[in-house]
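Novice: Below you'll find the structure I mean.
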Amino acid sequence: MSEDKSPITTPGKRELTNKPRFSDKVFRGVATAGGLSSLVILGLILIFLGYQGFQVLRSEGFGFITGSNWQVIQDNAGNTDLSASSFGIAAMLVGTLLCAALAVSIAVPISVLCALYLTFYAPQFLKKIMVAIIDLMAAFPSILFGMWGFFVLMPHVEYWAKLIHKYFSWIPLFKMEISVFTRSPFVAGVVLAIMIIPIITSVSREIFSQTPLDRVQAAYALGATRWSMIRAVVIPYGKSGVVGGAMLGLGRAMGETVAVYTVLNLVYQINWHVLIGAGGNVASMILLKFGEAGPTETRALMAAGLVLFLLTLLVNSIANTIVSRTGGKGR
Amino acid sequence: MNNSNQDGNDDMETKATPSSLSDVANANKARKQPGSGALGVGLEARSIHAWFGDKLVIRDISLDFWSGTVTALIGPSGCGKSTFIRTLNRMHEFIPGAAMAGEVLLNGQDIYEQGTDVTKIRLKVGMVFQKPNPFPSMTIADNVLAGLKLAQLKTQNKDDLLEECLERAGLWNEVKDRLSAYGGSLSGGQQQRLCIARSLAVRPEVLLMDEPCSALDPGSTLKIEETIQHLSSTMTIIIVTHNMQQAARVSDYTGFFLSDGGPGELVEVGPTSEIFSRPKDIRTENYVTGRFG
Amino acid sequence: MSNLTLKPTKPWKRTPKQQLLIAVNLLVAAAISFVIVLVTPMKGKLAYLLLFFISTIIVNFAENYFKSGIAAAKDSIATSFATAGLIIVIVPIFSILFTIFERGRAGLNFGLFLHDMKSNGPNDPLGQGGLLHALVGSGIMVGIALLISLPIGILTAIYLTEIKGIFSRPIKFLVQAMSGVPSIVAGLFILSAVVFPITKSSSGLMGGLALSILMIPTIARTSEEVLLLIPNDLREAGIALGGTQWRTISLIVVPAAKSGLITATILGLARVAGETAPLILVSGGGDAVNPNPFHSPMGSLPFYIWKGFTFGTPESIARSWAGIFVLLSIIFLLFIAARTLSGSGEKK
């Protein structure tokens with residue numbers, strides 16, 4: 001093949017790939033097509049939601065994300081007047097982030113402690129049972145959390161909220177102008193926290209149990225107590241995995257619809273005070289408005305869905321990158 | 001059974017090149033006077049049995065370890081040497097299903113007695129593992145001083161302790177300029193000496209070494225052996241090794257373990273030179289002469 | 001050497017005396033918290049629990065500090081916190097299970113599985129009507145989702161573990177990203193891509209499509225883990241015998257992973273069986289049994305529960321709880337099936 005006349009000739013590489021047979025070619029093609037389906041589906045979600053929401057997004061521009069007004073104005077013929085109507089989801093976005101952040105900050109310490117207990121403290125039989133129960137809890141439908149939260153948990157959480165208000169109202173986050181404690185972002189945050197505890201616990205437990213045994217033993221051999229071993233060995237090894245697990249929980253909490261819908265009083269204004277019974281959440285807003293929405297408003301809801309999709313996609317991608325980078329690496 | 005038959009004085013040093021294992025051991029023994037620099041007391045294992053689940057893995061092992069001596073435990077793999085030394089600082093109990101019987105006396109006190117604080121035992125009986133395992137999230141200096149932090153011990157002068165431990169482990173000259181580098185940046189042999197230095201920082205009376213050189217190249221092995229000989233005057237060292245030459249080079253006493261399919265047992269123990277030159281048991285002789293194992 | 005063989009002991013286990021000491025510590029802590037609640041203005045269950053936790057920590061800390069020093073004392077604090085973490089996780093789980101049992105009991109009767117709601121309103125007495133339509137609908141929609149997701153999920157897993165093509169890394173990443181898609185977005189997508197432009201009406205098929213978007217990543221990820229556990233020797237043996245890759249995978253690798261793949265499928269079913277939001281959007285919810293997924297709205301268990309809850313009368317809410325009881329029993333059975341299968345797979 002080569003016409004090279006140089007004095008030193010290294011032999012050309014021989015072809016080692018054996019040609020796949022026809023059946024293999026077909027098989028590879030089918031499997032590749034199956035594999036690419038996730039790409040296709042994600043792409044289609046992006047395209048269709050974008051296509052449906054395009055009109056509204058174009059007319060609102062950045063105001064869709066920064067504005068907090070959701071007003072459908074109809075002209076005389078009963079058609080929606082797009083230029084007069086305004087669609088902005090800032091209040092809902094803020095509410096989504098607030099509830100999700102609250103949920104994560106409640107769930108992470110509890111989950112990490114629970115994961116530590118299961119990995120390093122629990123007797124074998126208890127560990128097995130609890131791991132199974134927590135896995136089952138992760139599969140509880142969200143409507144169950146919603147109804148349980150509404151009927152059982154909410155009265156307790158309101159009481160906690162009143163206590164927090166009584167002693168910590170000097171913190172801006174816990175200020176109250178109107179004393180309505182029912183169906184507040186705080187309640188939603190607690191319910192979401194309980195929903196994401198199984199996720200964060202099982203990711204953390206998985207990471208903790210991968211802590212290299214030789215390091216654990218080295219710490220014990222140096223006279224470490226269980227806690228000083230955990231601090232010196234397990235936490236440095238597992239902390240980024242825990243961060244990844246927390247981000248996965250955050251993504252789940254941000255996209256949650258039904259559970260939040262049942263325990264949160266959706267009010268269309270930006271509210272940073274978590275104890276006041278007025279909050280927002282993009283996903284449950286979509287569910288709430290969808291029933292009565294006309295064609296244009298539905299398009300606006302599609303646009304809101306697109307924003308939510310992109311947001312959760314971003315959070316989940318970061319989370320998965322962190323988790324997969326932690327697994328099996330030295331530190 | 002016990003290696004109590006110490007000879008006071010031995011033959012003078014011979015510079016002749018050792019031609020056999022027993023010669024090496026003889027030469028080695030000559031350099032050393034067992035019991036010198038002794039604290040007078042040491043570690044005694046009394047009738048140790050160990051189980052994993054229902055399986056008895058070592059049976060009835062009694063051994064005394066004297067201060068200022070190096071004892072090597074040799075034998076084919078699977079004969080329970082490692083299990084045995086892990087009972088000596090209570091690392092055995094980390095394996096699920098583990099059980100044991102017998103006593104381990106440290107300075108006359110049973111370390112398995114009810115109410116004993118196990119962390120205090122492990123401070124007095126340090127351990128170096130087969131694979132070097134420095135903490136990768138800590139610097140070299142932090143690694144050496146990790147034991148102090150882990151056991152919440154106070155020390156007056158950390159820098160002196162750091163230098164002393166690294167010096168004793170034979171690593172000071174190599175790392176003194178990069179104490180704030182991470183432990184993982186060292187070579188395998190250096191990492192193992194770092195682990196030795198780490199064990200020394202809590203001032204143990206006994207140092208257990210579980211095949212410390214099996215993952216290292218010959219050059220690093222030599223350095224570790226030098227370190228062991230250096231350390232042996234001030235503490236009790238127990239080393240498990242597959243390598244008979246190593247046992248002959250570094251140890252004062254040697255115990256030979258063997259398992260005939262069942263639990264591992266101690267076949268013979270004695271001064272290293274005797275084990276390698278005139279073993280009493282035929283199985284020991286077969287092993288040290290390389291007929292099996 | 002003595003011939004006496006000793007009994008195996010575990011001296012590191014807690015002795016009865018030590019266990020008694022732990023109990024005494026807890027009692028002392030309980031007494032302290034009781035006294036504090038009695039003499040200070042702090043009142044209520046919450047005060048008891050918090051004070052009990054704090055005094056347990058203090059009592060254990062003191063005991064360990066005087067016995068073995070500061071390191072052991074700090075260790076005891078960590079132990080208390082870790083145990084508290086476990087308890088805080090357990091309490092809601094048991095509260096949820098207890099609530100379902102307690103509130104679901106009233107609405108449970110055998111007629112639930114025989115009748116639908118076409119001639120009954122949600123406000124009717126509990127003995128009337130049933131959730132047959134919801135069960136049938138859920139079964140059909142989850143079945144459709146399974147038909148779509150199973151081949152795609154397993155092919156994805158095969159692509160990731162067996163073909164290992166150039167797209168492996170991005171696809172792995174995308175599958176993970178897909179498992180985080182909010183369920184309402186799946187519903188909106190089917191609305192925007194199929195319902196609005198093509199069918200213009202909600203039906204069971206649409207529900208199945210929306211569920212499959214949520215099911216594919218679960219099946220793909222679990223199957224991938226299962227296939228990765230199949231030892232490479234098996235593949236090499238197949239190739240070495242002259243088999244094509246297709247034959248090796250279909251005749252050796254997949255059968256070897258069979259129980260694991262079934263587990264993956266069951267977990268996928270459990271994941272979507274309770275999805276509510278997308279079904280509200282795309283499948284509508286009839287009150288009569290509708291076996292035709294291509295025509296007219298179709299009821300489902302989550303929708304049945306949702307409808308009862310939003311209707312808001314005591315009877316309708318009791319119906320919801322009974323529905324949740326049935327739904328969770330199904331999920332629970334699926335879970336047990338998955339565990340049993342993967343357990344028996346591991347032993348082989």
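Within each chain, counting starts at residue 1; across the structure tokens, chains are named A, B, ... in the order shown, with ligands numbered 1 upward in that order.
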Where in region 35-125 of chain A does DSSP assign alpha helix (DSSP H), given as a PyMOL selection string?

Specialist: chain A and resi 35-60+63-66+90-116+124-125

Novice: Closest to Ala50 (chain B) among B:Glu174, B:Glu265, B:Glu164, B:Asp281, using only C-alpha atoms?

Specialist: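 When distances to Ala50 (chain B) are compared using only C-alpha atoms, the smallest one comes from B:Glu265.
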
Novice: Leu301 (chain A): which residues within 12 Å, counting only C-alpha atoms, same-chain residues fewer than 5 positions away excluded, as number ranges by chain?

Specialist: A: 49-50, 52-57, 64, 70, 87-89, 92, 282-296, 306-308; C: 184-185, 187-189, 191-192, 281

Novice: May I have the residues within 8 Å of region 140-142 of chain B as a CSV table (one decimal) with N, CA and C atoms, in the first residue's frame, using only C-alpha atoms and disregarding those fewer than 4 positions away in the same chain?

Specialist:
```csv
chain,number,residue,atom,x,y,z
B,146,ALA,N,-1.5,11.4,61.9
B,146,ALA,CA,-2.9,11.0,61.9
B,146,ALA,C,-3.4,10.3,63.2
B,162,LEU,N,7.2,14.5,64.4
B,162,LEU,CA,7.1,14.2,62.9
B,162,LEU,C,8.5,13.8,62.4
B,178,ARG,N,9.2,17.9,51.3
B,178,ARG,CA,7.8,18.0,50.7
B,178,ARG,C,6.8,17.4,51.7
B,179,LEU,N,6.9,17.8,52.9
B,179,LEU,CA,6.0,17.3,53.9
B,179,LEU,C,4.6,17.6,53.7
B,180,SER,N,4.3,18.7,52.9
B,180,SER,CA,2.9,19.1,52.6
B,180,SER,C,2.4,18.5,51.3
B,181,ALA,N,3.2,17.6,50.7
B,181,ALA,CA,2.7,16.9,49.5
B,181,ALA,C,1.7,15.8,50.0
B,182,TYR,N,0.9,15.3,49.1
B,182,TYR,CA,-0.1,14.3,49.5
B,182,TYR,C,0.6,12.9,49.6
B,183,GLY,N,0.1,12.1,50.5
B,183,GLY,CA,0.7,10.8,50.8
B,183,GLY,C,0.8,9.9,49.5
B,194,LEU,N,6.1,5.3,55.2
B,194,LEU,CA,5.2,6.4,55.7
B,194,LEU,C,4.2,5.7,56.7
```

Novice: Residues at most 12 Å from Ser86 (chain A), counting only C-alpha atoms, excluding those fewer than 4 positions away in the same chain, as a PyMOL selection string?

Specialist: chain A and resi 56-74+80-82+296-297+300

Novice: How close does each residue of chain B get to chain C, giving the shortest atom pair and distance in Å to one decimal for every residue with an atom at most 10 Å away, counting only C-alpha atoms, sorted by chain and residue number, as CSV?

Specialist:
```
residue,atom,partner,partner_atom,distance
B:Met1,CA,C:Met1,CA,7.9
B:Ser47,CA,C:Ser2,CA,8.3
B:Ile48,CA,C:Leu6,CA,9.0
B:His49,CA,C:Leu6,CA,7.4
B:Ala50,CA,C:Pro8,CA,7.3
B:Trp51,CA,C:Pro8,CA,6.9
B:Phe52,CA,C:Pro8,CA,9.7
B:Gly53,CA,C:Pro8,CA,9.6
B:Asp54,CA,C:Pro8,CA,8.9
B:Leu56,CA,C:Pro8,CA,8.8
B:Arg59,CA,C:Thr5,CA,8.0
B:Asp60,CA,C:Met1,CA,7.5
B:Ile61,CA,C:Met1,CA,8.5
B:Ser62,CA,C:Met1,CA,8.3
B:Arg90,CA,C:Trp12,CA,8.7
B:Glu93,CA,C:Trp12,CA,7.1
B:Phe94,CA,C:Trp12,CA,9.7
B:Gly97,CA,C:Lys10,CA,9.3
B:Ala98,CA,C:Lys10,CA,7.6
B:Ala99,CA,C:Lys10,CA,5.1
B:Met100,CA,C:Pro8,CA,5.2
B:Ala101,CA,C:Pro8,CA,5.4
B:Gly102,CA,C:Leu6,CA,7.5
B:Ile111,CA,C:Pro11,CA,9.8
B:Tyr112,CA,C:Pro11,CA,6.1
B:Glu113,CA,C:Pro11,CA,7.3
B:Gln114,CA,C:Pro11,CA,7.0
B:Gly115,CA,C:Gln18,CA,8.6
B:Thr116,CA,C:Trp12,CA,9.3
B:Asp117,CA,C:Ser68,CA,6.9
B:Val118,CA,C:Trp12,CA,8.7
B:Thr119,CA,C:Ala72,CA,8.8
B:Lys120,CA,C:Ser68,CA,8.8
B:Lys149,CA,C:Ala71,CA,9.4
B:Leu150,CA,C:Ala71,CA,8.0
B:Ala151,CA,C:Ala71,CA,6.0
B:Gln152,CA,C:Ala71,CA,5.5
B:Leu153,CA,C:Ala71,CA,8.5
```

Novice: So that I have them on file, write out the residues from the current selection with C-alpha atoms, as an mmCIF file, in the first residue's frame.

Specialist:
```
data_model
loop_
_atom_site.group_PDB
_atom_site.id
_atom_site.type_symbol
_atom_site.label_atom_id
_atom_site.label_comp_id
_atom_site.auth_asym_id
_atom_site.auth_seq_id
_atom_site.Cartn_x
_atom_site.Cartn_y
_atom_site.Cartn_z
ATOM 1 C CA MET B 1 6.934 -24.100 73.449
ATOM 2 C CA SER B 47 -3.901 -20.673 73.634
ATOM 3 C CA ILE B 48 -5.412 -18.559 70.872
ATOM 4 C CA HIS B 49 -8.175 -20.080 68.780
ATOM 5 C CA ALA B 50 -9.970 -18.193 66.039
ATOM 6 C CA TRP B 51 -13.099 -18.920 64.048
ATOM 7 C CA PHE B 52 -14.743 -17.469 60.995
ATOM 8 C CA GLY B 53 -18.350 -18.484 61.313
ATOM 9 C CA ASP B 54 -18.231 -22.156 62.246
ATOM 10 C CA LEU B 56 -11.931 -22.978 63.161
ATOM 11 C CA ARG B 59 -6.006 -23.724 66.971
ATOM 12 C CA ASP B 60 -4.347 -23.351 70.282
ATOM 13 C CA ILE B 61 -1.479 -21.023 69.558
ATOM 14 C CA SER B 62 0.645 -19.858 72.428
ATOM 15 C CA ARG B 90 -8.079 -6.982 68.136
ATOM 16 C CA GLU B 93 -13.184 -8.781 65.262
ATOM 17 C CA PHE B 94 -13.865 -6.600 62.222
ATOM 18 C CA GLY B 97 -18.771 -13.849 61.953
ATOM 19 C CA ALA B 98 -15.380 -13.838 63.622
ATOM 20 C CA ALA B 99 -14.942 -15.414 67.027
ATOM 21 C CA MET B 100 -11.957 -16.312 69.178
ATOM 22 C CA ALA B 101 -10.885 -17.974 72.382
ATOM 23 C CA GLY B 102 -7.815 -17.674 74.535
ATOM 24 C CA ILE B 111 -6.570 -7.274 76.074
ATOM 25 C CA TYR B 112 -9.823 -9.165 75.595
ATOM 26 C CA GLU B 113 -10.948 -8.596 79.151
ATOM 27 C CA GLN B 114 -14.445 -7.158 79.598
ATOM 28 C CA GLY B 115 -14.471 -3.408 79.695
ATOM 29 C CA THR B 116 -11.114 -2.977 78.017
ATOM 30 C CA ASP B 117 -10.995 0.099 75.820
ATOM 31 C CA VAL B 118 -10.047 -1.432 72.509
ATOM 32 C CA THR B 119 -8.764 1.830 71.048
ATOM 33 C CA LYS B 120 -6.163 2.031 73.827
ATOM 34 C CA LYS B 149 -5.789 13.142 65.702
ATOM 35 C CA LEU B 150 -7.678 9.873 65.446
ATOM 36 C CA ALA B 151 -7.163 8.970 69.091
ATOM 37 C CA GLN B 152 -7.389 12.604 70.262
ATOM 38 C CA LEU B 153 -3.953 12.574 71.859
#
```
